[in-house]
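Colleague: For reference, the file start_24.pdb (PDB, C-alpha atoms) is included below:
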```
ATOM      1  CA  MET R   6      17.946 -59.743 -42.425
ATOM      2  CA  PRO R   7      17.160 -62.891 -40.367
ATOM      3  CA  ASP R   8      19.481 -63.883 -37.533
ATOM      4  CA  PHE R   9      20.752 -67.211 -38.832
ATOM      5  CA  GLY R  10      22.660 -67.683 -35.573
ATOM      6  CA  ILE R  11      19.379 -68.660 -33.942
ATOM      7  CA  PHE R  12      18.917 -71.498 -36.406
ATOM      8  CA  ARG R  13      22.548 -72.488 -36.120
ATOM      9  CA  GLY R  14      22.202 -72.780 -32.347
ATOM     10  CA  PHE R  15      19.106 -74.933 -32.759
ATOM     11  CA  ASN R  16      20.982 -77.191 -35.175
ATOM     12  CA  ASP R  17      23.903 -77.482 -32.778
ATOM     13  CA  LYS R  18      21.657 -78.705 -29.980
ATOM     14  CA  LEU R  19      19.731 -81.104 -32.153
ATOM     15  CA  PHE R  20      22.437 -82.525 -34.387
ATOM     16  CA  GLY R  21      25.736 -81.711 -32.684
ATOM     17  CA  ASP R  22      28.639 -81.939 -35.146
ATOM     18  CA  LYS R  23      26.736 -84.337 -37.426
ATOM     19  CA  LEU R  24      25.401 -81.499 -39.556
ATOM     20  CA  TYR R  25      28.794 -79.934 -40.142
ATOM     21  CA  ALA R  26      30.435 -83.327 -40.837
ATOM     22  CA  GLY R  27      28.048 -83.815 -43.724
ATOM     23  CA  GLN R  28      26.353 -86.764 -42.025
ATOM     24  CA  LEU R  29      22.660 -87.470 -41.869
ATOM     25  CA  PRO R  30      21.195 -86.805 -38.424
ATOM     26  CA  THR R  31      20.760 -90.049 -36.513
ATOM     27  CA  GLN R  32      18.643 -88.138 -33.980
ATOM     28  CA  LEU R  33      15.810 -88.138 -36.513
ATOM     29  CA  GLY R  34      15.994 -91.901 -36.899
ATOM     30  CA  LEU R  35      18.034 -91.687 -40.099
ATOM     31  CA  ILE R  36      21.269 -93.540 -40.655
ATOM     32  CA  GLY R  37      24.726 -91.992 -40.573
ATOM     33  CA  SER R  38      26.749 -91.744 -43.756
ATOM     34  CA  GLU R  39      29.035 -94.576 -42.631
ATOM     35  CA  ASP R  40      26.057 -96.976 -42.832
ATOM     36  CA  PHE R  41      24.376 -95.459 -45.859
ATOM     37  CA  GLY R  42      23.027 -98.235 -48.042
ATOM     38  CA  PHE R  43      24.002-100.984 -45.585
ATOM     39  CA  VAL R  44      21.557-103.889 -45.258
ATOM     40  CA  GLY R  45      22.589-106.784 -43.038
ATOM     41  CA  LEU R  46      21.459-110.397 -43.114
ATOM     42  CA  LEU R  47      19.322-109.817 -40.010
ATOM     43  CA  ASP R  48      17.695-106.773 -41.602
ATOM     44  CA  THR R  49      16.414-108.983 -44.400
ATOM     45  CA  TYR R  50      15.795-112.078 -42.247
ATOM     46  CA  PRO R  51      15.099-110.704 -38.737
ATOM     47  CA  ASN R  52      14.129-112.196 -35.369
ATOM     48  CA  ALA R  53      17.154-114.406 -34.748
ATOM     49  CA  ALA R  54      17.401-115.806 -31.232
ATOM     50  CA  ALA R  55      21.202-115.436 -31.230
ATOM     51  CA  ALA R  56      23.733-114.319 -33.838
ATOM     52  CA  TYR R  57      27.540-114.304 -33.790
ATOM     53  CA  SER R  58      29.641-113.079 -36.687
ATOM     54  CA  LEU R  59      32.839-111.294 -37.676
ATOM     55  CA  ARG R  60      30.768-109.097 -39.992
ATOM     56  CA  LYS R  61      27.981-106.713 -39.055
ATOM     57  CA  LEU R  62      24.589-108.435 -39.356
ATOM     58  CA  ARG R  63      22.073-105.611 -38.899
ATOM     59  CA  ILE R  64      22.084-101.861 -39.242
ATOM     60  CA  GLY R  65      20.579-101.293 -35.793
ATOM     61  CA  TYR R  66      23.419-103.118 -34.034
ATOM     62  CA  THR R  67      25.698-100.577 -32.352
ATOM     63  CA  GLY R  68      27.951-102.913 -30.380
ATOM     64  CA  ASP R  69      31.265-104.560 -31.159
ATOM     65  CA  ALA R  70      32.016-107.877 -32.833
ATOM     66  CA  ILE R  71      34.276-109.433 -30.216
ATOM     67  CA  GLU R  72      36.340-108.813 -27.125
ATOM     68  CA  VAL R  73      39.896-110.107 -27.372
ATOM     69  CA  ARG R  74      42.707-110.853 -24.940
ATOM     70  CA  ILE R  75      46.214-109.971 -26.093
ATOM     71  CA  ASP R  76      48.764-112.555 -24.970
ATOM     72  CA  THR R  77      51.280-110.175 -23.477
ATOM     73  CA  THR R  78      52.186-108.649 -20.119
ATOM     74  CA  GLY R  79      49.026-108.006 -18.108
ATOM     75  CA  GLN R  80      46.854-109.851 -20.645
ATOM     76  CA  PRO R  81      44.924-106.702 -21.672
ATOM     77  CA  THR R  82      41.497-107.024 -23.296
ATOM     78  CA  TYR R  83      39.966-104.823 -25.991
ATOM     79  CA  ASP R  84      36.657-104.606 -27.805
ATOM     80  CA  ILE R  85      36.969-104.832 -31.595
ATOM     81  CA  GLY R  86      34.226-103.341 -33.744
ATOM     82  CA  PHE R  87      33.505-102.996 -37.444
ATOM     83  CA  VAL R  88      34.730-100.869 -40.340
ATOM     84  CA  ASP R  89      32.476-100.803 -43.389
ATOM     85  CA  GLY R  90      30.548-103.744 -42.013
ATOM     86  CA  GLU R  91      33.574-105.981 -41.498
ATOM     87  CA  LEU R  92      35.812-106.741 -38.516
ATOM     88  CA  ASP R  93      38.236-103.909 -37.768
ATOM     89  CA  VAL R  94      41.351-105.918 -38.601
ATOM     90  CA  THR R  95      43.657-102.881 -38.593
ATOM     91  CA  THR R  96      42.873-101.999 -34.979
ATOM     92  CA  LEU R  97      43.051-105.631 -33.884
ATOM     93  CA  GLU R  98      46.442-106.221 -35.465
ATOM     94  CA  GLY R  99      47.622-102.893 -34.056
ATOM     95  CA  TYR R 100      47.209-104.341 -30.569
ATOM     96  CA  CYS R 101      49.388-107.298 -31.626
ATOM     97  CA  THR R 102      52.403-105.398 -32.968
ATOM     98  CA  GLY R 103      55.597-107.382 -32.507
ATOM     99  CA  GLY R 104      54.094-110.751 -33.345
ATOM    100  CA  LEU R 105      51.659-111.140 -30.443
ATOM    101  CA  ASP R 106      48.731-113.561 -30.364
ATOM    102  CA  ALA R 107      45.120-112.676 -29.539
ATOM    103  CA  TYR R 108      42.268-114.815 -28.237
ATOM    104  CA  VAL R 109      38.517-114.195 -28.170
ATOM    105  CA  THR R 110      37.052-113.805 -24.685
ATOM    106  CA  THR R 111      33.555-112.727 -25.800
ATOM    107  CA  TRP R 112      31.723-113.115 -29.088
ATOM    108  CA  TYR R 113      28.935-110.562 -28.915
ATOM    109  CA  ASP R 114      25.368-111.485 -29.823
ATOM    110  CA  GLN R 115      24.109-109.219 -32.608
ATOM    111  CA  SER R 116      20.499-110.421 -32.395
ATOM    112  CA  GLY R 117      19.603-107.857 -29.737
ATOM    113  CA  ASN R 118      18.833-110.565 -27.163
ATOM    114  CA  GLY R 119      22.050-110.161 -25.161
ATOM    115  CA  ARG R 120      23.119-113.802 -25.434
ATOM    116  CA  ASP R 121      26.851-113.161 -25.651
ATOM    117  CA  ALA R 122      29.155-116.179 -25.989
ATOM    118  CA  THR R 123      31.885-115.985 -23.322
ATOM    119  CA  GLN R 124      34.969-117.795 -22.102
ATOM    120  CA  THR R 125      36.812-116.569 -18.997
ATOM    121  CA  THR R 126      39.490-119.285 -18.861
ATOM    122  CA  ASP R 127      42.496-118.189 -20.919
ATOM    123  CA  ALA R 128      43.476-121.683 -22.042
ATOM    124  CA  ASN R 129      39.961-122.349 -23.389
ATOM    125  CA  GLN R 130      39.678-119.210 -25.508
ATOM    126  CA  PRO R 131      39.811-119.705 -29.304
ATOM    127  CA  GLN R 132      42.418-117.770 -31.248
ATOM    128  CA  ILE R 133      41.913-114.966 -33.761
ATOM    129  CA  VAL R 134      45.441-113.509 -34.179
ATOM    130  CA  SER R 135      48.560-115.619 -34.657
ATOM    131  CA  SER R 136      52.009-113.993 -34.537
ATOM    132  CA  GLY R 137      50.556-110.554 -35.173
ATOM    133  CA  SER R 138      48.268-111.451 -38.092
ATOM    134  CA  VAL R 139      44.530-112.107 -38.034
ATOM    135  CA  ILE R 140      43.692-115.735 -38.857
ATOM    136  CA  ILE R 141      42.111-115.750 -42.313
ATOM    137  CA  GLU R 142      39.826-118.263 -43.979
ATOM    138  CA  ASN R 143      39.061-117.672 -47.659
ATOM    139  CA  GLY R 144      39.974-114.011 -47.356
ATOM    140  CA  LYS R 145      37.908-113.280 -44.237
ATOM    141  CA  PRO R 146      38.793-113.246 -40.510
ATOM    142  CA  SER R 147      37.959-116.403 -38.608
ATOM    143  CA  VAL R 148      37.927-117.707 -35.039
ATOM    144  CA  GLU R 149      40.062-120.835 -34.650
ATOM    145  CA  PHE R 150      39.179-123.498 -32.070
ATOM    146  CA  ASP R 151      41.766-126.067 -31.053
ATOM    147  CA  ASN R 152      41.037-129.771 -30.649
ATOM    148  CA  THR R 153      41.672-129.759 -26.895
ATOM    149  CA  ASP R 154      39.513-127.403 -24.843
ATOM    150  CA  ASP R 155      38.354-124.270 -26.721
ATOM    151  CA  GLN R 156      34.690-123.313 -26.395
ATOM    152  CA  PHE R 157      32.253-120.548 -25.449
ATOM    153  CA  ALA R 158      29.340-120.763 -23.039
ATOM    154  CA  ILE R 159      26.024-119.060 -23.843
ATOM    155  CA  SER R 160      23.491-118.308 -21.120
ATOM    156  CA  VAL R 161      19.990-119.385 -22.183
ATOM    157  CA  PRO R 162      16.964-120.748 -20.300
ATOM    158  CA  ASN R 163      16.522-124.521 -20.052
ATOM    159  CA  ASP R 164      13.579-124.404 -22.465
ATOM    160  CA  PHE R 165      15.480-122.284 -25.022
ATOM    161  CA  PHE R 166      14.959-124.969 -27.680
ATOM    162  CA  GLY R 167      12.131-126.936 -26.052
ATOM    163  CA  LEU R 168       9.472-127.772 -28.649
ATOM    164  CA  ASN R 169      10.338-124.792 -30.820
ATOM    165  CA  ASP R 170      11.024-124.966 -34.509
ATOM    166  CA  ILE R 171      14.750-124.364 -35.040
ATOM    167  CA  THR R 172      16.786-122.981 -37.926
ATOM    168  CA  THR R 173      20.567-122.521 -37.860
ATOM    169  CA  ALA R 174      23.207-121.282 -40.284
ATOM    170  CA  ILE R 175      26.936-121.684 -39.629
ATOM    171  CA  VAL R 176      30.045-120.797 -41.615
ATOM    172  CA  SER R 177      32.742-123.259 -40.620
ATOM    173  CA  LYS R 178      35.730-125.287 -41.752
ATOM    174  CA  ASN R 179      36.619-128.562 -40.058
ATOM    175  CA  ALA R 180      40.200-129.715 -39.938
ATOM    176  CA  SER R 181      40.385-133.413 -40.812
ATOM    177  CA  SER R 182      38.434-136.487 -41.908
ATOM    178  CA  SER R 183      39.084-138.341 -38.672
ATOM    179  CA  GLU R 184      37.761-135.756 -36.231
ATOM    180  CA  THR R 185      34.604-135.931 -34.154
ATOM    181  CA  GLY R 186      33.610-132.773 -32.300
ATOM    182  CA  GLY R 187      30.963-130.153 -31.746
ATOM    183  CA  LEU R 188      30.035-126.798 -33.235
ATOM    184  CA  ILE R 189      27.075-125.957 -31.013
ATOM    185  CA  GLN R 190      25.246-128.030 -28.424
ATOM    186  CA  LYS R 191      22.911-127.858 -25.451
ATOM    187  CA  ARG R 192      22.995-131.201 -23.732
ATOM    188  CA  ASN R 193      21.343-132.981 -20.846
ATOM    189  CA  ALA R 194      23.275-136.205 -20.313
ATOM    190  CA  ALA R 195      20.176-137.990 -19.007
ATOM    191  CA  LEU R 196      18.365-137.262 -22.283
ATOM    192  CA  ASP R 197      21.290-138.245 -24.529
ATOM    193  CA  GLY R 198      22.148-135.081 -26.325
ATOM    194  CA  ASN R 199      19.025-132.980 -26.894
ATOM    195  CA  PHE R 200      20.345-130.485 -29.472
ATOM    196  CA  GLY R 201      23.637-130.353 -31.301
ATOM    197  CA  ILE R 202      25.483-129.748 -34.542
ATOM    198  CA  GLY R 203      28.877-131.357 -34.881
ATOM    199  CA  LEU R 204      31.124-133.769 -36.708
ATOM    200  CA  LEU R 205      31.330-137.537 -36.883
ATOM    201  CA  ASN R 206      34.522-138.654 -38.631
ATOM    202  CA  GLY R 207      34.679-135.447 -40.620
ATOM    203  CA  LYS R 208      30.982-135.408 -41.634
ATOM    204  CA  TYR R 209      28.603-132.821 -40.181
ATOM    205  CA  GLN R 210      25.669-134.155 -38.180
ATOM    206  CA  PHE R 211      22.545-132.624 -36.670
ATOM    207  CA  GLN R 212      20.758-134.025 -33.627
ATOM    208  CA  THR R 213      17.422-132.972 -32.117
ATOM    209  CA  ARG R 214      16.470-135.799 -29.829
ATOM    210  CA  ASP R 215      15.607-136.953 -26.345
ATOM    211  CA  THR R 216      15.408-140.392 -24.740
ATOM    212  CA  GLY R 217      13.768-142.904 -27.047
ATOM    213  CA  THR R 218      14.025-140.904 -30.264
ATOM    214  CA  GLY R 219      16.579-141.263 -33.020
ATOM    215  CA  ASP R 220      16.601-137.803 -34.529
ATOM    216  CA  LEU R 221      20.263-137.842 -35.424
ATOM    217  CA  VAL R 222      21.134-137.224 -39.069
ATOM    218  CA  LEU R 223      24.398-137.188 -40.976
ATOM    219  CA  ASN R 224      25.257-134.898 -43.859
ATOM    220  CA  THR R 225      27.046-137.385 -46.084
ATOM    221  CA  SER R 226      27.782-134.717 -48.692
ATOM    222  CA  SER R 227      30.013-132.696 -46.337
ATOM    223  CA  THR R 228      33.767-132.835 -46.845
ATOM    224  CA  TYR R 229      36.625-132.205 -44.467
ATOM    225  CA  ASN R 230      39.113-129.347 -44.564
ATOM    226  CA  THR R 231      36.634-127.281 -46.572
ATOM    227  CA  GLN R 232      34.878-124.028 -45.678
ATOM    228  CA  GLN R 233      31.126-124.649 -45.775
ATOM    229  CA  ILE R 234      27.757-123.065 -45.120
ATOM    230  CA  ILE R 235      25.978-125.468 -42.789
ATOM    231  CA  THR R 236      22.223-124.881 -42.633
ATOM    232  CA  ASN R 237      19.557-127.002 -41.017
ATOM    233  CA  TYR R 238      16.107-126.741 -39.492
ATOM    234  CA  ARG R 239      13.538-128.644 -37.520
ATOM    235  CA  ASN R 240       9.805-128.190 -37.914
ATOM    236  CA  SER R 241       6.704-130.288 -37.210
ATOM    237  CA  SER R 242       7.353-132.662 -40.108
ATOM    238  CA  GLY R 243      11.048-133.380 -39.891
ATOM    239  CA  ILE R 244      14.661-132.339 -39.475
ATOM    240  CA  TYR R 245      16.644-131.200 -42.479
ATOM    241  CA  PHE R 246      20.363-130.747 -43.081
ATOM    242  CA  ASN R 247      21.626-128.342 -45.723
ATOM    243  CA  SER R 248      18.196-127.717 -47.225
ATOM    244  CA  PRO R 249      16.625-128.895 -49.453
ATOM    245  CA  GLU R 250      18.107-132.306 -48.601
ATOM    246  CA  VAL R 251      15.584-134.129 -46.361
ATOM    247  CA  LEU R 252      17.364-136.551 -44.079
ATOM    248  CA  SER R 253      14.844-137.505 -41.407
ATOM    249  CA  SER R 254      11.127-137.152 -40.697
ATOM    250  CA  LEU R 255       9.480-136.791 -37.307
ATOM    251  CA  GLY R 256       6.233-138.220 -36.041
ATOM    252  CA  THR R 257       6.446-135.999 -32.957
ATOM    253  CA  LYS R 258       9.040-133.347 -32.212
ATOM    254  CA  ALA R 259      11.361-134.163 -29.332
ATOM    255  CA  ASP R 260      11.224-131.842 -26.326
ATOM    256  CA  LEU R 261      14.681-130.268 -26.209
ATOM    257  CA  THR R 262      14.330-128.707 -22.753
ATOM    258  CA  SER R 263      17.730-129.235 -21.165
ATOM    259  CA  THR R 264      19.618-128.349 -18.002
ATOM    260  CA  GLY R 265      22.946-128.582 -19.810
ATOM    261  CA  THR R 266      25.242-125.726 -20.829
ATOM    262  CA  PHE R 267      24.764-124.240 -24.278
ATOM    263  CA  ALA R 268      28.213-124.332 -25.862
ATOM    264  CA  LEU R 269      29.583-122.776 -29.048
ATOM    265  CA  GLY R 270      32.660-124.384 -30.581
ATOM    266  CA  ASN R 271      32.293-127.656 -28.707
ATOM    267  CA  GLY R 272      29.715-130.027 -27.307
ATOM    268  CA  SER R 273      30.309-132.300 -24.347
ATOM    269  CA  SER R 274      29.140-135.472 -26.082
ATOM    270  CA  TYR R 275      30.813-134.596 -29.378
ATOM    271  CA  GLY R 276      34.103-133.561 -27.807
ATOM    272  CA  PHE R 277      36.616-130.975 -29.056
ATOM    273  CA  PHE R 278      38.108-130.691 -32.508
ATOM    274  CA  GLY R 279      40.027-128.291 -34.706
ATOM    275  CA  VAL R 280      37.673-125.935 -36.539
ATOM    276  CA  THR R 281      37.282-122.351 -37.667
ATOM    277  CA  ILE R 282      33.961-120.546 -37.276
ATOM    278  CA  GLN R 283      33.132-117.214 -38.874
ATOM    279  CA  GLU R 284      29.380-116.979 -38.329
ATOM    280  CA  THR R 285      26.634-118.720 -36.335
ATOM    281  CA  ILE R 286      22.977-117.667 -36.518
ATOM    282  CA  ILE R 287      20.167-119.359 -34.601
ATOM    283  CA  TYR R 288      16.426-118.878 -35.087
ATOM    284  CA  LEU R 289      13.779-120.436 -32.865
ATOM    285  CA  SER R 290      11.430-120.540 -35.831
ATOM    286  CA  ASP R 291      10.958-122.368 -39.105
ATOM    287  CA  GLU R 292      12.935-120.314 -41.631
ATOM    288  CA  SER R 293      12.882-123.019 -44.305
ATOM    289  CA  SER R 294      11.238-120.676 -46.801
ATOM    290  CA  ASN R 295      14.091-118.203 -46.230
ATOM    291  CA  LEU R 296      17.007-120.639 -46.233
ATOM    292  CA  SER R 297      17.866-120.133 -49.874
ATOM    293  CA  GLY R 298      18.036-116.374 -49.344
ATOM    294  CA  ILE R 299      20.028-116.758 -46.119
ATOM    295  CA  GLU R 300      22.526-119.035 -47.835
ATOM    296  CA  THR R 301      22.836-116.616 -50.771
ATOM    297  CA  ASN R 302      23.466-113.694 -48.416
ATOM    298  CA  ILE R 303      26.179-115.663 -46.617
ATOM    299  CA  ASN R 304      27.812-116.799 -49.827
ATOM    300  CA  ASP R 305      27.747-113.291 -51.300
ATOM    301  CA  PHE R 306      29.950-112.226 -48.409
ATOM    302  CA  TYR R 307      32.166-115.288 -47.890
ATOM    303  CA  SER R 308      32.392-116.547 -51.521
ATOM    304  CA  ILE R 309      32.200-120.194 -50.501
ATOM    305  CA  TYR R 310      30.749-121.614 -53.733
TER     306      TYR R 310
END
```
Could you show the structure in this file as structure tokens?
Modeller:
Amino acid sequence: MPDFGIFRGFNDKLFGDKLYAGQLPTQLGLIGSEDFGFVGLLDTYPNAAAAYSLRKLRIGYTGDAIEVRIDTTGQPTYDIGFVDGELDVTTLEGYCTGGLDAYVTTWYDQSGNGRDATQTTDANQPQIVSSGSVIIENGKPSVEFDNTDDQFAISVPNDFFGLNDITTAIVSKNASSSETGGLIQKRNAALDGNFGIGLLNGKYQFQTRDTGTGDLVLNTSSTYNTQQIITNYRNSSGIYFNSPEVLSSLGTKADLTSTGTFALGNGSSYGFFGVTIQETIIYLSDESSNLSGIETNINDFYSIY
């Protein structure tokens, strides 16, 4: 009779406890049972330049969603991952037992490019847990920025946008009709803005301009105090806000090379405002043909419309 112990020893070395736990062996490039059937937005629409979300965006991402600071003695920080593709709310709230608050210190980039969004100053960190409970927007966790000083910084090269085509998708809710502030921006003051998405009196606007160009468009259909999917792109023919609405055409694309800081949650020329953000995805490519699918994927998860 064959010595099955030999084969068992081989399996132990190759698969560890995966075989006995009934999981598929990841060592062979297959997915574990906890991810079986999972397909993220970035699996279907890959090659994002940066991607921040409170849900898992691609099956190959093995990191966490965010790092948080608990507002208690010693100000401890913890990484918070995912359960079934969504933020691990149970673990996060477990760190806040007794009615504690929590603030996001790092929003990890799921694109694979390592462009994490960070904030080291406690007072400038947006909030995710209030009095022991995760802040919720339409049934899903959200990151809440105040209207005073909250923002993240993202390290990117000066020519990150440059002359590239650009496509962005953001899930956000602005607070009031009177506010003017920024969602994302990379600005060189000498060139009057460069790149930004923000609010003007409660209406979302998109700017891709340098000195002498007027590539600033306003989404007049946006409403305040409402969760929205904000999509836009720039290509060789124009800039578009919430496709397929065409709001401005371009003779020549502006060069968006900038020495300014790339900020998430605020822009220096827009200012600060009260807003929640649940997802921000940036492509340095023309994804206009995919925008409908991207928007559908986002809405399937967030149930916005």
Colleague: Using only C-alpha atoms, which of R:Ile309, R:Ile133, R:Ala122, R:Val148 sits nearest Val161 of chain R?
Modeller: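 Between R:Ile309, R:Ile133, R:Ala122, R:Val148, the residue approaching Val161 of chain R most closely is R:Ala122.
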Colleague: Taking 4 positions as the minimum chain separation for residues in the same chain, which residues sit within 9 Å of segment 299-302 of chain R when counting all atoms listed in the file? Answer as a list in words.
Modeller: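 The contact residues come out as Gly45, Leu46, Thr49, Tyr50, Ala174, Ile234, Ile235, Thr236, Asn295, Phe306 and Tyr307 of chain R.
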Colleague: My list of candidates is R:Thr82, R:Thr257, R:Gln115, R:Asn230. Which is closest to Tyr100 of chain R when distances are computed with only C-alpha atoms?
Modeller: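 Once distances to Tyr100 of chain R are computed over only C-alpha atoms, the minimum belongs to R:Thr82.
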Colleague: Between atom CA of Ile159 of chain R and atom CA of Thr266 of chain R, measure the distance and give it in Å to one decimal.
Modeller: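 Calculated distance between atom CA of Ile159 of chain R and atom CA of Thr266 of chain R is 7.4 Å.
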Colleague: Using Å and a single decimal, report how far atom CA of Asp305 of chain R sits from atom CA of Tyr108 of chain R.
Modeller: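 A separation of 27.3 Å between them.
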Colleague: Have a look at R:Val139, R:Asn169, R:Phe43, R:Phe200 and name the one nearest to Ser241 of chain R; count only C-alpha atoms.
Modeller: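 For Ser241 of chain R, the nearest of the given residues is R:Asn169.
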Colleague: So what do you get for atom CA of Asp127 of chain R versus atom CA of Asp84 of chain R, distance-wise?
Modeller: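 Atom CA of Asp127 of chain R sits 16.3 Å away from atom CA of Asp84 of chain R.
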Colleague: Would you mind listing what lies within 10 Å of Arg120 of chain R as a PyMOL selection string, with all atoms listed in the file counted and same-chain residues fewer than 2 positions away left out?
Modeller: chain R and resi 54-57+112-118+122-123+158-161
Colleague: Nearest residue to Arg214 of chain R out of R:Thr173, R:Gly187, R:Ile303, R:Ser263, using only C-alpha atoms?
Modeller: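 When distances to Arg214 of chain R are compared using only C-alpha atoms, the smallest one comes from R:Ser263.
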Colleague: Name the residues captured by the PyMOL selection byres ((chain R and resi 150) around 8) when it is applied to the shown file; answer as an MDAnalysis selection string.
Modeller: chainID R and resid 130:132 148:149 151:152 155:156 270 278:282
Colleague: Please enumerate the residues selected by the PyMOL selection byres ((chain R and resi 81) around 12) when evaluated against the supplied file, formatted as a PyMOL selection string.
Modeller: chain R and resi 72-80+82-84+100-101+105-110+127
Colleague: Grab the residues selected above and save them as a CSV table (one decimal), in the coordinates of the input with C-alpha atoms.
Modeller:
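Once everything was written out, this is part-v5.csv:
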```csv
chain,number,residue,atom,x,y,z
R,72,GLU,CA,36.3,-108.8,-27.1
R,73,VAL,CA,39.9,-110.1,-27.4
R,74,ARG,CA,42.7,-110.9,-24.9
R,75,ILE,CA,46.2,-110.0,-26.1
R,76,ASP,CA,48.8,-112.6,-25.0
R,77,THR,CA,51.3,-110.2,-23.5
R,78,THR,CA,52.2,-108.6,-20.1
R,79,GLY,CA,49.0,-108.0,-18.1
R,80,GLN,CA,46.9,-109.9,-20.6
R,82,THR,CA,41.5,-107.0,-23.3
R,83,TYR,CA,40.0,-104.8,-26.0
R,84,ASP,CA,36.7,-104.6,-27.8
R,100,TYR,CA,47.2,-104.3,-30.6
R,101,CYS,CA,49.4,-107.3,-31.6
R,105,LEU,CA,51.7,-111.1,-30.4
R,106,ASP,CA,48.7,-113.6,-30.4
R,107,ALA,CA,45.1,-112.7,-29.5
R,108,TYR,CA,42.3,-114.8,-28.2
R,109,VAL,CA,38.5,-114.2,-28.2
R,110,THR,CA,37.1,-113.8,-24.7
R,127,ASP,CA,42.5,-118.2,-20.9
```
Colleague: Could you write out as a list of chain:residue names the residues that the PyMOL selection byres ((chain R and resi 167) around 10) matches in the shown file?
Modeller: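 Applying the PyMOL selection byres ((chain R and resi 167) around 10) to the structure shown produces R:Pro162, R:Asn163, R:Asp164, R:Phe165, R:Phe166, R:Leu168, R:Asn169, R:Asp170, R:Ile171, R:Asn199, R:Phe200, R:Lys258, R:Ala259, R:Asp260, R:Leu261, R:Thr262, R:Ser263, R:Leu289.
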Colleague: Pick out the closest residue to Asn271 of chain R from this set: R:Asp48, R:Asp121, R:Asp154, R:Asp69. Count all atoms listed in the file.
Modeller: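 Using all atoms listed in the file, the shortest distance to Asn271 of chain R belongs to R:Asp154.
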